[in-house]
$ cat my_file_17.cif   # mmCIF, C-alpha atoms
data_protein
#
loop_
_atom_site.label_atom_id
_atom_site.label_comp_id
_atom_site.auth_asym_id
_atom_site.auth_seq_id
_atom_site.Cartn_x
_atom_site.Cartn_y
_atom_site.Cartn_z
CA MET A 1 84.88 17.69 -21.46
CA LYS A 2 84.10 16.12 -24.76
CA LYS A 3 81.60 17.69 -27.08
CA LEU A 4 79.41 16.06 -29.66
CA VAL A 5 78.88 18.11 -32.77
CA LEU A 6 76.38 17.76 -35.60
CA LEU A 7 76.67 20.02 -38.63
CA TRP A 8 73.23 19.22 -39.90
CA ILE A 9 73.78 19.41 -43.62
CA VAL A 10 77.25 17.93 -43.75
CA THR A 11 77.35 14.88 -41.49
CA LEU A 12 77.03 11.42 -43.04
CA LEU A 13 75.50 9.01 -40.55
CA VAL A 14 77.31 5.71 -40.98
CA GLY A 15 77.35 2.95 -38.41
CA THR A 16 75.00 4.77 -36.04
CA GLY A 17 72.11 3.28 -34.14
CA LEU A 18 70.08 3.71 -37.31
CA GLY A 19 72.06 0.95 -39.02
CA LEU A 20 72.74 3.11 -42.06
CA SER A 21 75.67 2.11 -44.23
CA TYR A 22 76.90 2.32 -47.80
CA PRO A 23 78.81 -0.42 -49.62
CA ARG A 24 81.84 1.83 -49.91
CA GLU A 25 83.44 4.62 -47.94
CA MET A 26 81.62 7.91 -48.52
CA PRO A 27 82.88 11.44 -47.85
CA ARG A 28 81.73 13.11 -44.63
CA SER A 29 81.39 16.36 -46.54
CA SER A 30 78.21 17.91 -47.93
CA THR A 31 79.78 17.87 -51.38
CA ILE A 32 79.94 14.53 -53.14
CA PRO A 33 80.98 15.81 -56.56
CA SER A 34 78.32 15.25 -59.19
CA ALA A 35 79.34 14.72 -62.79
CA HIS A 36 78.43 17.58 -65.13
CA PRO A 37 77.54 20.26 -62.55
CA GLU A 38 76.41 22.55 -65.35
CA ALA A 39 73.72 19.99 -66.24
CA VAL A 40 72.73 19.76 -62.57
CA ALA A 41 72.23 23.53 -62.43
CA GLU A 42 70.24 23.48 -65.67
CA ILE A 43 67.95 20.69 -64.41
CA ILE A 44 67.17 22.68 -61.26
CA ARG A 45 66.65 25.89 -63.26
CA ALA A 46 64.32 24.14 -65.73
CA THR A 47 62.42 22.49 -62.89
CA ASN A 48 61.76 25.85 -61.27
CA GLN A 49 60.65 27.28 -64.61
CA ILE A 50 58.08 24.49 -64.93
CA ARG A 51 56.92 25.10 -61.36
CA GLN A 52 56.55 28.82 -62.02
CA ARG A 53 54.28 28.07 -64.99
CA THR A 54 52.06 25.85 -62.84
CA GLY A 55 51.96 28.17 -59.84
CA ALA A 56 54.15 26.06 -57.55
CA GLY A 57 56.82 27.77 -55.48
CA PRO A 58 60.54 27.56 -56.35
CA LEU A 59 62.72 24.79 -54.95
CA LEU A 60 65.79 25.56 -52.85
CA ASP A 61 68.94 23.62 -53.80
CA VAL A 62 69.92 21.79 -50.58
CA PRO A 63 73.40 20.19 -50.26
CA TYR A 64 72.42 17.02 -48.39
CA LEU A 65 69.68 16.31 -50.94
CA SER A 66 72.29 16.64 -53.69
CA ASP A 67 74.51 14.21 -51.77
CA ALA A 68 71.69 11.68 -51.49
CA ALA A 69 70.92 12.08 -55.20
CA THR A 70 74.53 11.73 -56.33
CA ALA A 71 75.19 8.73 -54.09
CA HIS A 72 72.12 6.95 -55.47
CA SER A 73 73.13 7.67 -59.07
CA GLN A 74 76.62 6.34 -58.37
CA GLU A 75 75.33 3.22 -56.69
CA MET A 76 72.88 2.44 -59.51
CA LEU A 77 75.75 2.57 -62.00
CA GLU A 78 78.18 0.60 -59.85
CA LEU A 79 75.69 -2.13 -58.92
CA ASN A 80 74.00 -2.10 -62.34
CA TYR A 81 70.39 -1.52 -61.37
CA PHE A 82 67.81 1.18 -62.06
CA SER A 83 65.23 1.65 -59.32
CA HIS A 84 64.05 3.93 -56.54
CA THR A 85 64.76 1.00 -54.21
CA SER A 86 68.39 0.33 -53.28
CA PRO A 87 69.54 -3.23 -52.50
CA THR A 88 71.72 -1.85 -49.70
CA PRO A 89 70.25 -2.44 -46.22
CA GLY A 90 69.31 0.74 -44.38
CA ILE A 91 69.09 2.98 -47.44
CA ALA A 92 66.46 1.16 -49.46
CA LYS A 93 64.07 4.09 -49.88
CA PRO A 94 64.64 7.73 -50.88
CA LYS A 95 63.78 8.95 -47.39
CA ASP A 96 66.34 6.52 -45.92
CA ARG A 97 69.03 8.00 -48.16
CA VAL A 98 68.10 11.57 -47.22
CA GLN A 99 68.35 10.64 -43.54
CA ALA A 100 71.74 9.00 -44.18
CA PHE A 101 73.05 12.42 -45.24
CA GLY A 102 71.62 14.29 -42.25
CA GLY A 103 68.14 15.29 -43.44
CA TRP A 104 64.95 14.59 -41.50
CA ASP A 105 62.56 16.11 -44.02
CA THR A 106 58.93 15.16 -43.52
CA LYS A 107 58.07 14.49 -47.17
CA VAL A 108 60.45 13.08 -49.82
CA GLY A 109 60.09 12.29 -53.53
CA GLU A 110 62.50 11.15 -56.23
CA ASN A 111 62.91 11.17 -60.02
CA ILE A 112 65.49 9.01 -61.81
CA TYR A 113 66.70 8.86 -65.41
CA ARG A 114 69.14 6.67 -67.33
CA ALA A 115 70.47 7.05 -70.86
CA SER A 116 73.45 6.04 -72.96
CA GLY A 117 75.37 7.62 -75.81
CA ILE A 118 74.01 11.15 -75.58
CA SER A 119 75.98 14.39 -75.52
CA PRO A 120 76.50 15.93 -72.06
CA ARG A 121 75.37 19.23 -73.60
CA ASP A 122 71.96 17.69 -74.31
CA LEU A 123 71.63 15.83 -71.02
CA ALA A 124 69.58 18.34 -69.02
CA GLN A 125 67.14 18.93 -71.87
CA ARG A 126 66.68 15.19 -72.43
CA VAL A 127 66.14 14.56 -68.73
CA ILE A 128 63.51 17.27 -68.29
CA ALA A 129 61.71 16.26 -71.50
CA ALA A 130 61.50 12.63 -70.33
CA TRP A 131 60.20 13.59 -66.89
CA GLU A 132 57.60 15.95 -68.35
CA LYS A 133 56.22 13.06 -70.44
CA SER A 134 55.94 10.74 -67.43
CA PRO A 135 52.87 11.49 -65.25
CA SER A 136 54.48 10.34 -62.00
CA HIS A 137 57.76 12.18 -62.62
CA TYR A 138 55.94 15.30 -63.77
CA GLN A 139 53.85 15.27 -60.59
CA ASN A 140 57.04 15.46 -58.57
CA LEU A 141 58.28 18.36 -60.69
CA ILE A 142 55.16 20.44 -60.03
CA ASN A 143 54.16 19.20 -56.57
CA PRO A 144 53.49 22.37 -54.51
CA GLU A 145 54.15 20.45 -51.29
CA PHE A 146 57.88 20.28 -52.08
CA ASN A 147 60.16 23.24 -51.38
CA SER A 148 63.66 21.71 -51.59
CA VAL A 149 65.64 19.78 -54.21
CA GLY A 150 68.96 18.11 -54.93
CA VAL A 151 70.28 16.63 -58.18
CA GLY A 152 73.17 14.23 -58.73
CA ILE A 153 74.60 12.77 -61.96
CA ALA A 154 76.88 9.75 -62.33
CA VAL A 155 78.71 8.72 -65.51
CA LYS A 156 80.33 5.42 -66.48
CA GLY A 157 81.58 5.16 -70.05
CA GLU A 158 78.68 6.35 -72.19
CA ASP A 159 76.07 5.67 -69.51
CA PHE A 160 74.43 8.50 -67.56
CA VAL A 161 72.26 8.16 -64.46
CA VAL A 162 70.47 11.18 -62.98
CA THR A 163 68.68 11.33 -59.64
CA GLN A 164 66.55 14.25 -58.48
CA VAL A 165 65.45 14.27 -54.82
CA PHE A 166 62.61 16.49 -53.62
CA SER A 167 61.60 17.24 -50.05
CA TYR A 168 59.52 19.48 -47.86
CA GLN A 169 61.06 21.17 -44.86
CA SER A 170 59.58 24.10 -43.02
CA ILE A 171 62.39 24.03 -40.45
CA THR A 172 66.07 23.78 -41.38
CA ILE A 173 68.66 22.79 -38.77
CA LYS A 174 71.92 24.69 -39.31
CA GLY A 175 73.91 23.13 -36.51
CA MET A 176 73.74 21.34 -33.19
CA THR A 177 76.02 20.63 -30.24
CA ALA A 178 75.51 18.26 -27.32
CA THR A 179 77.66 18.28 -24.19
CA PRO A 180 77.48 15.22 -21.88
CA ALA A 181 75.84 16.28 -18.62
CA ARG A 182 74.28 14.26 -15.81
CA ASP A 183 72.31 11.39 -17.37
CA GLY A 184 72.15 12.83 -20.90
CA TYR A 185 73.20 15.87 -22.92
CA ASP A 186 72.89 19.62 -22.78
CA LEU A 187 71.65 20.16 -26.32
CA THR A 188 71.77 23.39 -28.33
CA VAL A 189 70.17 23.77 -31.74
CA GLU A 190 70.58 26.56 -34.27
CA GLY A 191 67.98 26.61 -37.02
CA GLN A 192 65.73 28.57 -39.30
CA ILE A 193 62.01 28.47 -39.97
CA ARG A 194 61.66 28.72 -43.74
CA GLU A 195 57.90 29.16 -43.90
CA GLY A 196 54.90 29.25 -41.62
CA THR A 197 54.51 30.56 -38.08
CA ARG A 198 57.61 31.80 -36.26
CA GLU A 199 56.63 30.04 -33.01
CA GLY A 200 57.32 26.42 -32.23
CA GLY A 201 57.74 23.75 -29.61
CA VAL A 202 60.33 21.14 -28.72
CA PHE A 203 59.14 17.62 -27.90
CA VAL A 204 61.34 14.97 -26.26
CA ASN A 205 60.09 11.39 -26.60
CA ASN A 206 56.69 12.81 -27.65
CA SER A 207 56.41 14.95 -24.51
CA PHE A 208 56.29 18.74 -24.76
CA GLU A 209 59.51 20.27 -23.42
CA GLU A 210 59.46 24.00 -24.19
CA LYS A 211 58.46 26.70 -26.65
CA PHE A 212 60.81 28.57 -28.98
CA SER A 213 60.44 31.68 -31.14
CA ALA A 214 62.27 32.76 -34.29
CA ASN A 215 63.39 36.27 -35.14
CA PRO A 216 61.99 38.13 -38.19
CA GLU A 217 64.54 36.34 -40.41
CA GLY A 218 63.30 32.99 -39.12
CA ASN A 219 66.42 32.13 -37.10
CA PHE A 220 66.06 30.48 -33.69
CA HIS A 221 68.18 29.06 -30.85
CA ILE A 222 67.21 26.21 -28.51
CA ALA A 223 69.05 25.06 -25.38
CA ILE A 224 67.64 22.08 -23.44
CA HIS A 225 68.75 19.02 -21.48
CA VAL A 226 67.79 15.66 -23.01
CA PRO A 227 68.21 12.00 -22.01
CA SER A 228 71.02 9.99 -23.59
CA ARG A 229 68.47 8.06 -25.66
CA ALA A 230 65.67 10.26 -26.95
CA THR A 231 63.80 11.35 -30.03
CA ILE A 232 63.73 15.11 -30.50
CA SER A 233 60.89 16.68 -32.46
CA LEU A 234 60.62 20.30 -33.56
CA SER A 235 57.10 21.46 -34.29
CA GLN A 236 55.44 24.68 -35.38
CA LYS A 237 52.60 26.20 -33.44
CA LYS A 238 49.15 26.13 -35.02
CA ALA A 239 45.80 27.53 -33.99
CA GLU A 240 44.45 26.81 -30.49
CA ASN A 241 47.92 26.01 -29.13
CA THR A 242 48.30 22.80 -31.13
CA TYR A 243 51.55 21.83 -32.87
CA SER A 244 52.37 20.37 -36.28
CA GLN A 245 55.53 18.25 -36.36
CA SER A 246 58.10 19.58 -38.82
CA LEU A 247 61.03 17.23 -38.21
CA SER A 248 62.13 14.53 -35.80
CA PHE A 249 65.49 12.87 -35.17
CA PRO A 250 67.11 10.50 -32.64
CA VAL A 251 69.66 12.11 -30.37
CA GLU A 252 71.88 9.05 -31.05
CA SER A 253 72.39 10.39 -34.57
CA ILE A 254 74.81 12.98 -33.19
CA ARG A 255 78.35 11.79 -33.95
CA GLU A 256 81.31 12.25 -31.63
CA GLN A 257 83.96 14.46 -33.22
#
$ encode --input "my_file_17.cif" --output "structure tokens"
Amino acid sequence: MKKLVLLWIVTLLVGTGLGLSYPREMPRSSTIPSAHPEAVAEIIRATNQIRQRTGAGPLLDVPYLSDAATAHSQEMLELNYFSHTSPTPGIAKPKDRVQAFGGWDTKVGENIYRASGISPRDLAQRVIAAWEKSPSHYQNLINPEFNSVGVGIAVKGEDFVVTQVFSYQSITIKGMTATPARDGYDLTVEGQIREGTREGGVFVNNSFEEKFSANPEGNFHIAIHVPSRATISLSQKKAENTYSQSLSFPVESIREQ
């Protein structure tokens, strides 16, 4: 029996029912190498320092956000544009690009920077200084609603492009398998609740399916049967038995391996 496997932070969704595609072949790994990784680390460190000063929580460096950031930086250089909006169908907006790399985060933001002829040693400092002076970029840096980040740098000659992607995710999916069964799939999900209540619910096509609970470390396991075409939503339990949606994804996004 064939199995379908989704490693949530490493699968690039290309040619799926979502219509997502890039103009060139992209790695199916969670690591699209960014130029100047030391500058990437310094940008994230400096961002968290700024957030600490303003009372916002630290951002977790998430691989698929880094992939989305690096891919956008590379595309801006290759296609010679500078914008949050890509000309490539299916990945026009930052949230589209995050989804293309396997993330279904509920809130997404993005900072971009371009410069020429500066020393790589000065890059991180110049980037942060520019974003601190820009009200909209600075708001992303200190936004307490974000808890995750990824940074990607592309270089062409003396030109540098930097993209920083922010998101909010209270639930992280670590892995998923789906085995064809009857008229759909037997679906298992391994995940972690990063913040908030440890109780949640699974919804299939907007209908409540079952509850789930996480252990003290936040880890949880779900095993359900779903139709072959369905939207799966994971939600956290709130007061009075209501649920707040944390993430949602189409079951068609699972790729056959």
$ closest_residue --input "my_file_17.cif" --among "A:Leu60, A:Gln125, A:Leu79, A:Gly117" --to "Ile43 (chain A)" --atoms "all atoms listed in the file"
A:Gln125
$ residues_around --input "my_file_17.cif" --residues "Gly184 (chain A)" --least-positions-apart "2" --cutoff "9 Å" --atoms "all atoms listed in the file" --output "PyMOL selection string"
chain A and resi 179-182+186+225-229
$ atom_distance --input "my_file_17.cif" --atom1 "CA of Phe220 (chain A)" --atom2 "CA of Ile193 (chain A)"
7.7 Å
$ atom_distance --input "my_file_17.cif" --atom1 "CA of Glu78 (chain A)" --atom2 "CA of Phe146 (chain A)"
29.3 Å
$ closest_residue --input "my_file_17.cif" --among "A:Leu247, A:Ala154, A:Val189, A:Val62" --to "Ile222 (chain A)" --atoms "all atoms listed in the file"
A:Val189
$ residues_around --input "my_file_17.cif" --residues "Thr70 (chain A)" --least-positions-apart "5" --cutoff "10 Å" --atoms "all atoms listed in the file" --output "list in words"
Thr31, Ile32, Pro33, Ser34, Ala35, Tyr64, Leu65, Glu75, Met76, Gly150, Val151, Gly152, Ile153, Ala154, Val161, Val162, Thr163, Gln164 and Val165 of chain A
$ build_atoms --input "my_file_17.cif" --residues "region 56-67 of chain A" --atoms "all heavy atoms" --output "mmCIF file, in the frame of the given file"
data_model
loop_
_atom_site.group_PDB
_atom_site.id
_atom_site.type_symbol
_atom_site.label_atom_id
_atom_site.label_comp_id
_atom_site.auth_asym_id
_atom_site.auth_seq_id
_atom_site.Cartn_x
_atom_site.Cartn_y
_atom_site.Cartn_z
ATOM 1 N N ALA A 56 53.465 26.615 -58.713
ATOM 2 C CA ALA A 56 54.150 26.060 -57.550
ATOM 3 C C ALA A 56 55.350 26.938 -57.191
ATOM 4 O O ALA A 56 55.950 27.581 -58.056
ATOM 5 C CB ALA A 56 54.608 24.635 -57.829
ATOM 6 N N GLY A 57 55.708 26.949 -55.938
ATOM 7 C CA GLY A 57 56.820 27.770 -55.480
ATOM 8 C C GLY A 57 58.164 27.203 -55.925
ATOM 9 O O GLY A 57 58.280 26.013 -56.257
ATOM 10 N N PRO A 58 59.212 28.026 -55.943
ATOM 11 C CA PRO A 58 60.540 27.560 -56.350
ATOM 12 C C PRO A 58 61.137 26.605 -55.325
ATOM 13 O O PRO A 58 60.822 26.658 -54.137
ATOM 14 C CB PRO A 58 61.360 28.858 -56.438
ATOM 15 C CG PRO A 58 60.673 29.786 -55.483
ATOM 16 C CD PRO A 58 59.212 29.457 -55.566
ATOM 17 N N LEU A 59 62.031 25.744 -55.801
ATOM 18 C CA LEU A 59 62.720 24.790 -54.950
ATOM 19 C C LEU A 59 64.085 25.329 -54.580
ATOM 20 O O LEU A 59 64.809 25.841 -55.431
ATOM 21 C CB LEU A 59 62.875 23.442 -55.665
ATOM 22 C CG LEU A 59 61.592 22.755 -56.116
ATOM 23 C CD1 LEU A 59 61.927 21.519 -56.947
ATOM 24 C CD2 LEU A 59 60.721 22.381 -54.920
ATOM 25 N N LEU A 60 64.463 25.176 -53.318
ATOM 26 C CA LEU A 60 65.790 25.560 -52.850
ATOM 27 C C LEU A 60 66.738 24.382 -53.032
ATOM 28 O O LEU A 60 66.427 23.258 -52.642
ATOM 29 C CB LEU A 60 65.727 25.967 -51.378
ATOM 30 C CG LEU A 60 67.059 26.331 -50.709
ATOM 31 C CD1 LEU A 60 67.625 27.611 -51.308
ATOM 32 C CD2 LEU A 60 66.866 26.481 -49.202
ATOM 33 N N ASP A 61 67.905 24.637 -53.619
ATOM 34 C CA ASP A 61 68.940 23.620 -53.800
ATOM 35 C C ASP A 61 69.608 23.352 -52.455
ATOM 36 O O ASP A 61 70.270 24.228 -51.898
ATOM 37 C CB ASP A 61 69.958 24.114 -54.833
ATOM 38 C CG ASP A 61 71.006 23.078 -55.174
ATOM 39 O OD1 ASP A 61 70.921 21.944 -54.683
ATOM 40 O OD2 ASP A 61 71.931 23.412 -55.937
ATOM 41 N N VAL A 62 69.440 22.137 -51.920
ATOM 42 C CA VAL A 62 69.920 21.790 -50.580
ATOM 43 C C VAL A 62 71.065 20.785 -50.685
ATOM 44 O O VAL A 62 70.904 19.735 -51.315
ATOM 45 C CB VAL A 62 68.781 21.208 -49.724
ATOM 46 C CG1 VAL A 62 69.288 20.737 -48.370
ATOM 47 C CG2 VAL A 62 67.675 22.244 -49.548
ATOM 48 N N PRO A 63 72.228 21.063 -50.089
ATOM 49 C CA PRO A 63 73.400 20.190 -50.260
ATOM 50 C C PRO A 63 73.178 18.730 -49.899
ATOM 51 O O PRO A 63 73.602 17.835 -50.625
ATOM 52 C CB PRO A 63 74.451 20.846 -49.365
ATOM 53 C CG PRO A 63 74.086 22.291 -49.359
ATOM 54 C CD PRO A 63 72.590 22.310 -49.370
ATOM 55 N N TYR A 64 72.526 18.429 -48.761
ATOM 56 C CA TYR A 64 72.420 17.020 -48.390
ATOM 57 C C TYR A 64 71.459 16.260 -49.307
ATOM 58 O O TYR A 64 71.590 15.036 -49.464
ATOM 59 C CB TYR A 64 72.067 16.823 -46.916
ATOM 60 C CG TYR A 64 70.714 17.334 -46.470
ATOM 61 C CD1 TYR A 64 69.539 16.661 -46.784
ATOM 62 C CD2 TYR A 64 70.618 18.467 -45.681
ATOM 63 C CE1 TYR A 64 68.310 17.114 -46.347
ATOM 64 C CE2 TYR A 64 69.395 18.925 -45.238
ATOM 65 C CZ TYR A 64 68.240 18.245 -45.565
ATOM 66 O OH TYR A 64 67.027 18.703 -45.128
ATOM 67 N N LEU A 65 70.518 16.967 -49.945
ATOM 68 C CA LEU A 65 69.680 16.310 -50.940
ATOM 69 C C LEU A 65 70.495 15.989 -52.191
ATOM 70 O O LEU A 65 70.320 14.935 -52.813
ATOM 71 C CB LEU A 65 68.471 17.179 -51.295
ATOM 72 C CG LEU A 65 67.483 17.462 -50.163
ATOM 73 C CD1 LEU A 65 66.326 18.321 -50.680
ATOM 74 C CD2 LEU A 65 66.948 16.181 -49.550
ATOM 75 N N SER A 66 71.389 16.900 -52.563
ATOM 76 C CA SER A 66 72.290 16.640 -53.690
ATOM 77 C C SER A 66 73.196 15.447 -53.396
ATOM 78 O O SER A 66 73.460 14.621 -54.276
ATOM 79 C CB SER A 66 73.135 17.878 -53.996
ATOM 80 O OG SER A 66 72.323 18.975 -54.354
ATOM 81 N N ASP A 67 73.682 15.350 -52.153
ATOM 82 C CA ASP A 67 74.510 14.210 -51.770
ATOM 83 C C ASP A 67 73.737 12.904 -51.912
ATOM 84 O O ASP A 67 74.251 11.918 -52.448
ATOM 85 C CB ASP A 67 74.968 14.369 -50.323
ATOM 86 C CG ASP A 67 76.048 15.420 -50.148
ATOM 87 O OD1 ASP A 67 76.555 15.912 -51.169
ATOM 88 O OD2 ASP A 67 76.376 15.736 -48.996
#
